[in-house]
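File shown: final34.tsv. Contents: TSV, C-alpha atoms.
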```tsv
chain	number	residue	atom	x	y	z
A	1228	MET	CA	40.67	-64.21	-1.64
A	1229	LYS	CA	39.41	-67.74	-1.15
A	1230	ILE	CA	41.79	-70.38	-2.45
A	1231	LEU	CA	39.98	-73.35	-3.91
A	1232	PRO	CA	41.24	-76.86	-3.23
A	1233	LEU	CA	42.91	-78.55	-6.20
A	1234	SER	CA	39.99	-80.92	-6.78
A	1235	ASP	CA	37.58	-77.95	-7.02
A	1236	LEU	CA	39.89	-76.22	-9.45
A	1237	ARG	CA	39.88	-79.31	-11.65
A	1238	CYS	CA	36.07	-79.38	-11.55
A	1239	HIS	CA	35.92	-75.66	-12.36
A	1240	TYR	CA	38.34	-76.11	-15.26
A	1241	THR	CA	36.37	-79.08	-16.61
A	1242	ARG	CA	32.97	-77.45	-16.34
A	1243	ALA	CA	34.15	-74.28	-18.04
A	1244	ARG	CA	35.17	-76.37	-21.04
A	1245	MET	CA	32.32	-78.83	-21.04
A	1246	ALA	CA	30.56	-77.46	-24.17
A	1247	ALA	CA	33.78	-77.57	-26.18
A	1248	PHE	CA	34.53	-81.07	-24.87
A	1249	ILE	CA	31.11	-82.32	-25.95
A	1250	ARG	CA	31.63	-80.88	-29.44
A	1251	HIS	CA	35.20	-82.24	-29.69
A	1252	GLU	CA	36.48	-78.74	-30.23
A	1253	MET	CA	39.62	-78.68	-28.12
A	1254	PRO	CA	43.25	-79.77	-28.36
A	1255	ALA	CA	43.93	-83.46	-27.74
A	1256	ALA	CA	45.96	-82.87	-24.55
A	1257	GLN	CA	43.17	-80.78	-23.01
A	1258	ARG	CA	40.64	-83.39	-24.05
A	1259	ARG	CA	42.67	-86.18	-22.42
A	1260	TYR	CA	42.94	-84.17	-19.19
A	1261	ILE	CA	39.18	-83.57	-19.03
A	1262	ALA	CA	38.34	-87.17	-19.94
A	1263	HIS	CA	40.65	-88.33	-17.15
A	1264	HIS	CA	38.96	-85.98	-14.68
A	1265	LEU	CA	35.49	-87.15	-15.72
A	1266	ARG	CA	36.43	-90.75	-15.03
A	1267	HIS	CA	37.32	-89.87	-11.44
A	1268	CYS	CA	34.73	-87.22	-10.56
A	1269	PRO	CA	31.11	-88.45	-10.33
A	1270	ALA	CA	29.72	-84.89	-10.02
A	1271	CYS	CA	31.41	-83.71	-13.22
A	1272	GLN	CA	30.49	-86.98	-14.92
A	1273	ALA	CA	26.82	-86.37	-14.08
A	1274	ARG	CA	27.10	-82.81	-15.36
A	1275	TYR	CA	28.71	-84.07	-18.55
A	1276	GLU	CA	25.94	-86.62	-19.14
A	1277	HIS	CA	23.28	-84.00	-18.65
A	1278	ASP	CA	24.97	-81.39	-20.83
A	1279	ARG	CA	25.54	-83.95	-23.54
A	1280	ARG	CA	21.84	-84.81	-23.59
A	1281	VAL	CA	20.84	-81.14	-23.71
A	1282	ALA	CA	23.30	-80.60	-26.57
A	1283	GLU	CA	21.93	-83.63	-28.42
A	1284	GLU	CA	18.40	-82.39	-27.91
A	1285	LEU	CA	19.27	-78.92	-29.19
A	1286	THR	CA	21.22	-80.28	-32.13
A	1287	ARG	CA	18.25	-82.42	-33.09
A	1288	GLU	CA	15.46	-79.94	-32.43
A	1289	LEU	CA	16.83	-76.56	-33.37
A	1290	PRO	CA	17.52	-77.31	-37.04
A	1291	ARG	CA	13.85	-78.23	-37.41
A	1292	LEU	CA	12.77	-74.89	-35.99
A	1293	GLY	CA	11.64	-72.49	-38.68
A	1294	ARG	CA	12.28	-74.75	-41.63
A	1295	PRO	CA	10.73	-72.83	-44.55
A	1296	HIS	CA	8.15	-74.27	-46.95
A	1297	ALA	CA	8.92	-74.38	-50.66
A	1298	ALA	CA	6.09	-71.91	-51.30
A	1299	GLN	CA	7.59	-69.53	-48.76
A	1300	LEU	CA	11.00	-69.68	-50.47
A	1301	ILE	CA	9.42	-69.02	-53.87
A	1302	ARG	CA	7.45	-66.07	-52.49
A	1303	MET	CA	10.60	-64.59	-50.95
A	1304	TRP	CA	12.52	-65.06	-54.20
A	1305	ASP	CA	9.79	-63.24	-56.13
A	1306	ASN	CA	9.92	-60.36	-53.64
A	1307	ILE	CA	13.72	-60.24	-53.85
A	1308	ASN	CA	13.54	-60.08	-57.63
A	1309	ASP	CA	10.98	-57.28	-57.43
A	1310	GLN	CA	13.20	-55.32	-55.06
A	1311	LEU	CA	16.30	-55.91	-57.16
A	1312	ALA	CA	14.46	-54.69	-60.27
A	1313	VAL	CA	14.01	-51.29	-58.63
A	1314	PRO	CA	17.26	-49.27	-58.78
A	1315	PRO	CA	18.65	-48.60	-55.32
A	1316	ALA	CA	17.55	-45.26	-53.93
A	1317	ALA	CA	20.20	-42.59	-53.49
A	1318	PRO	CA	21.33	-42.41	-49.88
A	1319	ALA	CA	18.83	-40.25	-48.06
A	1320	PHE	CA	20.03	-37.09	-46.38
A	1321	ARG	CA	20.45	-37.91	-42.73
A	1322	TRP	CA	18.75	-35.14	-40.83
A	1323	ARG	CA	20.45	-35.93	-37.56
A	1324	TYR	CA	23.88	-35.36	-39.08
A	1325	GLY	CA	22.69	-32.09	-40.59
A	1326	VAL	CA	21.35	-30.93	-37.23
A	1327	ALA	CA	24.61	-31.88	-35.51
A	1328	VAL	CA	26.65	-29.90	-38.07
A	1329	MET	CA	24.35	-26.90	-37.66
A	1330	CYS	CA	24.74	-27.03	-33.86
A	1331	MET	CA	28.52	-27.13	-34.17
A	1332	LEU	CA	28.53	-24.20	-36.58
A	1333	ALA	CA	26.24	-22.22	-34.25
A	1334	MET	CA	28.59	-22.87	-31.33
A	1335	LEU	CA	31.56	-21.69	-33.37
A	1336	MET	CA	29.72	-18.59	-34.55
A	1337	LEU	CA	28.41	-17.63	-31.10
A	1338	PRO	CA	31.45	-15.55	-29.98
A	1339	LEU	CA	31.39	-13.63	-33.27
A	1340	VAL	CA	27.71	-12.89	-32.99
A	1341	SER	CA	27.90	-11.83	-29.33
A	1342	GLY	CA	30.84	-9.38	-29.78
A	1343	TYR	CA	34.00	-11.37	-30.08
A	1344	ARG	CA	37.04	-10.54	-27.93
A	1345	SER	CA	39.96	-12.80	-27.35
A	1346	LEU	CA	39.09	-15.07	-24.50
A	1347	GLY	CA	42.64	-15.30	-23.18
A	1348	ALA	CA	43.92	-11.70	-23.37
A	1349	PRO	CA	41.46	-9.82	-21.10
A	1350	VAL	CA	41.60	-12.50	-18.45
A	1351	LEU	CA	45.40	-12.45	-18.44
A	1352	ALA	CA	45.52	-8.63	-18.36
A	1353	ASN	CA	43.07	-8.49	-15.45
A	1354	THR	CA	45.07	-11.07	-13.51
A	1355	LEU	CA	48.33	-9.24	-14.02
A	1356	ALA	CA	46.78	-5.91	-13.08
A	1357	SER	CA	45.37	-7.26	-9.84
A	1358	THR	CA	48.69	-8.94	-9.00
A	1359	ARG	CA	50.48	-5.67	-9.60
A	1360	SER	CA	48.18	-3.76	-7.25
A	1361	ILE	CA	48.82	-6.33	-4.52
A	1362	TYR	CA	52.57	-5.92	-4.95
A	1363	ILE	CA	52.29	-2.13	-4.78
A	1364	ALA	CA	50.33	-2.44	-1.56
A	1365	LEU	CA	53.00	-4.77	-0.18
A	1366	ALA	CA	55.76	-2.34	-1.20
A	1367	VAL	CA	54.02	0.50	0.62
A	1368	THR	CA	53.61	-1.53	3.80
A	1369	ALA	CA	57.16	-2.95	3.60
A	1370	THR	CA	58.97	0.31	4.43
A	1371	PRO	CA	61.21	0.01	7.60
A	1372	ALA	CA	59.26	2.79	9.32
A	1373	VAL	CA	56.05	0.84	9.17
A	1374	SER	CA	57.34	-2.67	9.72
A	1375	PRO	CA	61.00	-3.56	10.26
A	1376	LEU	CA	60.18	-7.21	9.80
A	1377	MET	CA	58.84	-6.58	6.32
A	1378	ALA	CA	62.00	-4.77	5.29
A	1379	SER	CA	63.71	-8.08	4.64
A	1380	THR	CA	61.15	-8.75	1.92
A	1381	SER	CA	61.92	-5.54	0.07
A	1382	GLN	CA	64.15	-7.24	-2.47
A	1383	PRO	CA	61.42	-9.29	-4.05
A	1384	VAL	CA	59.19	-6.25	-3.97
A	1385	ILE	CA	61.79	-4.28	-5.91
A	1386	ALA	CA	62.04	-7.08	-8.34
A	1387	LEU	CA	58.29	-7.06	-8.57
A	1388	HIS	CA	58.35	-3.33	-9.17
A	1389	ASN	CA	60.29	-4.11	-12.28
A	1390	THR	CA	57.55	-6.36	-13.55
A	1391	PRO	CA	56.27	-4.72	-16.70
A	1392	ASP	CA	52.77	-3.41	-16.47
A	1393	PRO	CA	50.80	-5.12	-19.21
A	1394	THR	CA	48.28	-2.30	-19.27
A	1395	HIS	CA	51.01	0.31	-19.89
A	1396	SER	CA	53.27	-1.50	-22.24
A	1397	GLY	CA	54.35	1.77	-23.90
A	1398	HIS	CA	56.59	2.81	-20.87
B	464	MET	CA	32.84	-73.26	-43.19
B	465	ASP	CA	31.64	-74.69	-46.49
B	466	GLU	CA	33.30	-77.84	-47.75
B	467	PRO	CA	36.22	-77.01	-50.05
B	468	ASN	CA	34.52	-78.26	-53.25
B	469	THR	CA	31.30	-76.47	-52.29
B	470	ASN	CA	33.34	-73.38	-51.70
B	471	ILE	CA	34.88	-73.53	-55.15
B	472	GLU	CA	31.45	-74.02	-56.66
B	473	THR	CA	30.10	-71.12	-54.59
B	474	LEU	CA	32.94	-68.85	-55.70
B	475	ARG	CA	32.22	-69.76	-59.30
B	476	LEU	CA	28.55	-68.88	-58.78
B	477	VAL	CA	29.53	-65.59	-57.18
B	478	SER	CA	31.81	-64.82	-60.09
B	479	ASP	CA	29.03	-65.64	-62.59
B	480	ALA	CA	26.54	-63.56	-60.63
B	481	LEU	CA	28.92	-60.61	-60.71
B	482	LYS	CA	28.94	-60.93	-64.49
B	483	GLY	CA	25.15	-60.62	-64.42
B	484	ASP	CA	24.19	-64.27	-64.72
B	485	GLN	CA	20.65	-64.48	-63.31
B	486	GLU	CA	20.83	-68.24	-62.92
B	487	ALA	CA	23.84	-67.86	-60.65
B	488	PHE	CA	21.83	-65.54	-58.40
B	489	ALA	CA	19.02	-68.09	-58.32
B	490	ALA	CA	21.47	-70.90	-57.54
B	491	LEU	CA	23.01	-68.91	-54.66
B	492	TYR	CA	19.57	-68.18	-53.32
B	493	THR	CA	18.55	-71.85	-53.54
B	494	GLN	CA	21.73	-72.87	-51.74
B	495	TYR	CA	21.48	-70.44	-48.82
B	496	ALA	CA	17.90	-69.19	-48.50
B	497	ALA	CA	16.66	-71.95	-46.20
B	498	GLY	CA	19.64	-71.52	-43.85
B	499	VAL	CA	19.29	-67.74	-43.71
B	500	TYR	CA	15.56	-68.01	-43.11
B	501	ARG	CA	16.02	-70.57	-40.33
B	502	LEU	CA	18.62	-68.34	-38.72
B	503	CYS	CA	16.30	-65.32	-38.84
B	504	TYR	CA	13.40	-67.38	-37.56
B	505	GLY	CA	15.49	-68.79	-34.71
B	506	LEU	CA	16.49	-65.29	-33.66
B	507	LEU	CA	13.24	-63.42	-34.24
B	508	LEU	CA	10.81	-66.28	-33.53
B	509	ASN	CA	8.29	-64.80	-35.91
B	510	ALA	CA	7.68	-66.01	-39.47
B	511	GLU	CA	6.72	-62.66	-40.93
B	512	ASP	CA	9.75	-60.84	-39.54
B	513	ALA	CA	12.02	-63.71	-40.55
B	514	GLU	CA	10.75	-63.48	-44.15
B	515	ASP	CA	11.27	-59.71	-44.24
B	516	VAL	CA	14.79	-59.95	-42.86
B	517	THR	CA	15.70	-62.81	-45.21
B	518	GLN	CA	14.54	-60.79	-48.21
B	519	GLU	CA	16.36	-57.67	-47.03
B	520	SER	CA	19.52	-59.68	-46.43
B	521	PHE	CA	19.51	-61.22	-49.91
B	522	VAL	CA	18.72	-57.93	-51.61
B	523	TYR	CA	21.63	-56.30	-49.75
B	524	ALA	CA	23.94	-59.23	-50.41
B	525	PHE	CA	23.15	-59.39	-54.14
B	526	ARG	CA	23.56	-55.64	-54.54
B	527	ASN	CA	26.87	-55.73	-52.69
B	528	LEU	CA	28.17	-59.03	-53.93
B	529	ALA	CA	31.33	-57.33	-55.20
B	530	ARG	CA	32.26	-56.61	-51.58
B	531	PHE	CA	32.32	-60.30	-50.70
B	532	ASP	CA	35.88	-61.54	-50.30
B	533	GLY	CA	36.11	-65.32	-50.46
B	534	ARG	CA	39.58	-65.25	-48.85
B	535	LYS	CA	38.25	-63.65	-45.67
B	536	ALA	CA	35.01	-65.54	-45.11
B	537	SER	CA	32.75	-68.15	-46.61
B	538	LEU	CA	29.61	-66.92	-48.35
B	539	LYS	CA	27.57	-68.62	-45.66
B	540	THR	CA	29.14	-66.68	-42.79
B	541	TRP	CA	29.03	-63.47	-44.85
B	542	LEU	CA	25.30	-63.93	-45.47
B	543	TYR	CA	24.74	-64.87	-41.83
B	544	THR	CA	26.58	-61.74	-40.70
B	545	ILE	CA	24.28	-59.61	-42.87
B	546	ALA	CA	21.20	-61.44	-41.57
B	547	VAL	CA	22.25	-61.22	-37.90
B	548	SER	CA	22.91	-57.51	-38.26
B	549	ARG	CA	19.40	-57.01	-39.67
B	550	CYS	CA	17.89	-59.17	-36.95
B	551	ARG	CA	19.58	-56.92	-34.39
B	552	ASN	CA	17.97	-53.90	-36.02
B	553	MET	CA	14.66	-55.71	-35.73
B	554	TYR	CA	15.24	-56.39	-31.98
B	555	ARG	CA	15.77	-52.69	-31.50
B	556	ARG	CA	12.57	-51.81	-33.31
B	557	ARG	CA	10.29	-53.90	-31.17
B	558	VAL	CA	9.80	-55.24	-27.69
B	559	PHE	CA	11.12	-58.76	-27.51
B	560	PRO	CA	10.05	-61.52	-27.40
B	561	LEU	CA	6.60	-61.29	-28.90
B	562	LEU	CA	5.88	-64.84	-29.78
B	563	ASP	CA	3.37	-67.57	-29.59
B	564	ILE	CA	5.07	-70.87	-28.85
B	565	ALA	CA	2.25	-72.84	-30.51
B	566	GLN	CA	2.76	-70.87	-33.71
B	567	LEU	CA	6.52	-71.07	-33.31
B	568	LEU	CA	6.44	-74.85	-33.39
B	569	HIS	CA	3.58	-75.15	-35.83
B	570	ASP	CA	5.82	-76.02	-38.75
B	571	VAL	CA	8.01	-78.55	-37.00
B	572	PRO	CA	7.69	-81.91	-38.82
B	573	ALA	CA	5.89	-84.64	-36.94
B	574	PRO	CA	7.82	-87.49	-35.30
B	575	VAL	CA	8.31	-90.73	-37.17
B	576	GLN	CA	6.40	-92.92	-34.68
B	577	ASP	CA	2.93	-91.48	-34.44
B	578	THR	CA	1.72	-92.94	-31.15
B	579	PRO	CA	-0.05	-90.67	-28.63
B	580	GLU	CA	2.78	-91.07	-26.10
B	581	VAL	CA	5.46	-90.15	-28.61
B	582	ARG	CA	3.36	-87.26	-29.88
B	583	SER	CA	2.83	-85.98	-26.37
B	584	ALA	CA	6.51	-86.29	-25.45
B	585	TYR	CA	7.47	-84.64	-28.72
B	586	ARG	CA	5.10	-81.75	-28.17
B	587	ALA	CA	6.31	-81.27	-24.60
B	588	ALA	CA	9.94	-81.31	-25.67
B	589	THR	CA	9.49	-78.91	-28.58
B	590	ASP	CA	7.43	-76.58	-26.39
B	591	ALA	CA	10.13	-76.70	-23.73
B	592	ILE	CA	12.87	-75.93	-26.23
B	593	GLY	CA	10.84	-73.16	-27.86
B	594	SER	CA	10.18	-71.42	-24.55
B	595	ALA	CA	13.75	-72.01	-23.38
B	596	ILE	CA	15.15	-70.38	-26.55
B	597	ALA	CA	12.68	-67.52	-26.27
B	598	GLY	CA	13.78	-66.97	-22.68
B	599	LEU	CA	17.40	-66.33	-23.65
B	600	SER	CA	18.79	-62.86	-24.22
B	601	PRO	CA	19.28	-61.94	-27.92
B	602	GLN	CA	23.07	-62.40	-27.67
B	603	LEU	CA	22.83	-65.84	-26.10
B	604	ARG	CA	20.06	-66.81	-28.51
B	605	GLU	CA	22.25	-65.84	-31.45
B	606	ALA	CA	25.09	-67.94	-30.06
B	607	VAL	CA	22.97	-71.00	-29.38
B	608	VAL	CA	21.07	-70.86	-32.68
B	609	LEU	CA	24.27	-70.49	-34.70
B	610	ARG	CA	25.82	-73.30	-32.73
B	611	TYR	CA	23.08	-75.88	-32.58
B	612	ALA	CA	20.74	-75.00	-35.42
B	613	HIS	CA	23.48	-74.28	-37.93
B	614	GLY	CA	26.41	-76.25	-36.55
B	615	LEU	CA	28.86	-73.35	-36.79
B	616	SER	CA	32.24	-73.59	-35.05
B	617	TYR	CA	33.23	-71.02	-32.42
B	618	ARG	CA	35.40	-69.25	-34.97
B	619	GLU	CA	32.50	-68.96	-37.41
B	620	ILE	CA	30.11	-67.85	-34.65
B	621	ALA	CA	32.64	-65.20	-33.66
B	622	GLU	CA	32.86	-64.06	-37.28
B	623	VAL	CA	29.08	-63.78	-37.61
B	624	MET	CA	28.55	-62.14	-34.21
B	625	GLY	CA	31.52	-59.81	-34.55
B	626	CYS	CA	33.25	-60.86	-31.35
B	627	PRO	CA	36.40	-62.81	-30.41
B	628	PRO	CA	36.13	-66.63	-30.56
B	629	LYS	CA	36.57	-66.88	-26.77
B	630	THR	CA	33.57	-64.59	-26.28
B	631	ALA	CA	31.55	-66.75	-28.67
B	632	GLU	CA	32.57	-69.80	-26.67
B	633	SER	CA	31.61	-68.23	-23.37
B	634	ARG	CA	28.24	-67.08	-24.80
B	635	VAL	CA	27.49	-70.63	-25.92
B	636	ARG	CA	28.51	-71.87	-22.48
B	637	LEU	CA	26.28	-69.32	-20.73
B	638	ALA	CA	23.38	-70.18	-23.02
B	639	HIS	CA	24.00	-73.82	-22.32
B	640	GLN	CA	23.94	-73.18	-18.57
B	641	GLN	CA	20.67	-71.28	-18.81
B	642	LEU	CA	19.12	-73.90	-21.05
B	643	ARG	CA	20.21	-76.62	-18.64
B	644	HIS	CA	18.18	-74.94	-15.91
B	645	LEU	CA	15.25	-74.23	-18.18
B	646	LEU	CA	15.10	-77.76	-19.56
B	647	GLN	CA	15.81	-79.46	-16.22
B	648	PRO	CA	12.15	-80.00	-15.22
B	649	HIS	CA	11.52	-82.16	-18.28
B	650	GLY	CA	13.91	-84.70	-16.94
B	651	GLN	CA	15.41	-87.93	-18.00
B	652	SER	CA	12.23	-89.71	-19.11
B	653	LEU	CA	11.37	-87.07	-21.65
B	654	LEU	CA	14.85	-87.15	-23.07
B	655	GLU	CA	14.70	-90.90	-23.32
B	656	GLU	CA	11.40	-90.59	-25.16
B	657	LEU	CA	12.96	-88.13	-27.50
B	658	LEU	CA	15.91	-90.36	-28.16
B	659	ARG	CA	13.54	-93.07	-29.30
B	660	ILE	CA	11.83	-90.82	-31.86
```

Do you think you could lay out the structure here as structure tokens?
Amino acid sequence: MKILPLSDLRCHYTRARMAAFIRHEMPAAQRRYIAHHLRHCPACQARYEHDRRVAEELTRELPRLGRPHAAQLIRMWDNINDQLAVPPAAPAFRWRYGVAVMCMLAMLMLPLVSGYRSLGAPVLANTLASTRSIYIALAVTATPAVSPLMASTSQPVIALHNTPDPTHSGH
Amino acid sequence: MDEPNTNIETLRLVSDALKGDQEAFAALYTQYAAGVYRLCYGLLLNAEDAEDVTQESFVYAFRNLARFDGRKASLKTWLYTIAVSRCRNMYRRRVFPLLDIAQLLHDVPAPVQDTPEVRSAYRAATDAIGSAIAGLSPQLREAVVLRYAHGLSYREIAEVMGCPPKTAESRVRLAHQQLRHLLQPHGQSLLEELLRI
């Protein structure tokens, strides 16, 4: 990260607050600091002079922009009165909200329409069944006659044999 | 913010209007219509749209006058908030800006000294300002119009624009920076001419 020299930081600070300084909208201490900097920094002083002129120009010119004629104001008032004389219309049904609600309902109804089954239960049962078949295969291959090395793993296999079979919960 | 005595008077008018006093409605309209119209015109840069939005804003405000809370905001900023919100809807409805600078400045009063030089400088300056304002983004235009055309403080601008005061301040600063570049070519002499008008 580039570290700015102190003088640049002062300029940056001053320029960021120039509009507020011109409008006298800042605390007195901040104002004194900026005024002091402006007295000693010709670049910021030039910027201040220019900004002040632009602000003066805008303050003078913008209020004139779009000043309405008396006839225009009267015409608008007549139209406002006409509109106020008509009772406000009841809030119209917003079709987009209706469509959104219908979509949500359709999504909720979809499982029922397409033959609903619990989403969680079959998946869990299938997973447990496949795990069980793997363990049975391991138990078969873990006999000492087939693989003495695997015999040491027989304990977990026995434990696994005790895992209840979710598909035969009656036993 | 309105002056305190004006504010009391305004609150009295609001109270009377809520009781159904038609003259109070008319008085509120007389007090604020020109400001609301100028705001809409400054943002939309089109007389027809500005009239429509001003009417809509007053109809909404008068129908919902009971919602106005004088402790939270002045009637001016409340009306301006309604108008700015409708102007934003208008931006969304059409490509922006669609304006004719000559028409935009058609209604600007003539300078006091009516010499050809002054007239020419005046026309150049108003054209420059009109195109500079039109060249700003809607957000920056809102900030600069509220600031310079209506003299609102940062806090009031923030209230009307629905943003924190620091954001309002930085939008005014950004607008100022852009306007500085846009108005730069007109230079010192033009500004001096303007200052003499």

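CA of Leu1337 in chain A is found 20.0 Å from CA of Tyr1324 in chain A.
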
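What separates CA of Phe488 in chain B from CA of Pro1295 in chain A is a distance of 19.2 Å.
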
Open item on the list: Please find the residues of chain A near chain B - the criterion being any atom within 10 Å, counting all atoms listed in the file - and write them as a ChimeraX atom specification.
Closed with: /A:1242-1247,1250,1252,1274,1277-1278,1280-1297,1299-1311,1314-1315

TODO: Name the residues, using the chain letters and numbers of the file, that sit within 12 Å of (41.3, -86.0, -11.9) when counting all atoms listed in the file, and give them as a list of chain:residue names.
DONE: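 Residues with an atom at most 12 Å from (41.3, -86.0, -11.9): A:Leu1233, A:Ser1234, A:Asp1235, A:Leu1236, A:Arg1237, A:Cys1238, A:His1239, A:Tyr1240, A:Thr1241, A:Arg1259, A:Tyr1260, A:Ile1261, A:Ala1262, A:His1263, A:His1264, A:Leu1265, A:Arg1266, A:His1267, A:Cys1268, A:Pro1269, A:Ala1270, A:Cys1271, A:Gln1272.
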
Task: Separation of CA of Gln494 in chain B from CA of Ala524 in chain B, in Å and rounded to one decimal - done: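 Computing it gives 13.9 Å between the two atoms.
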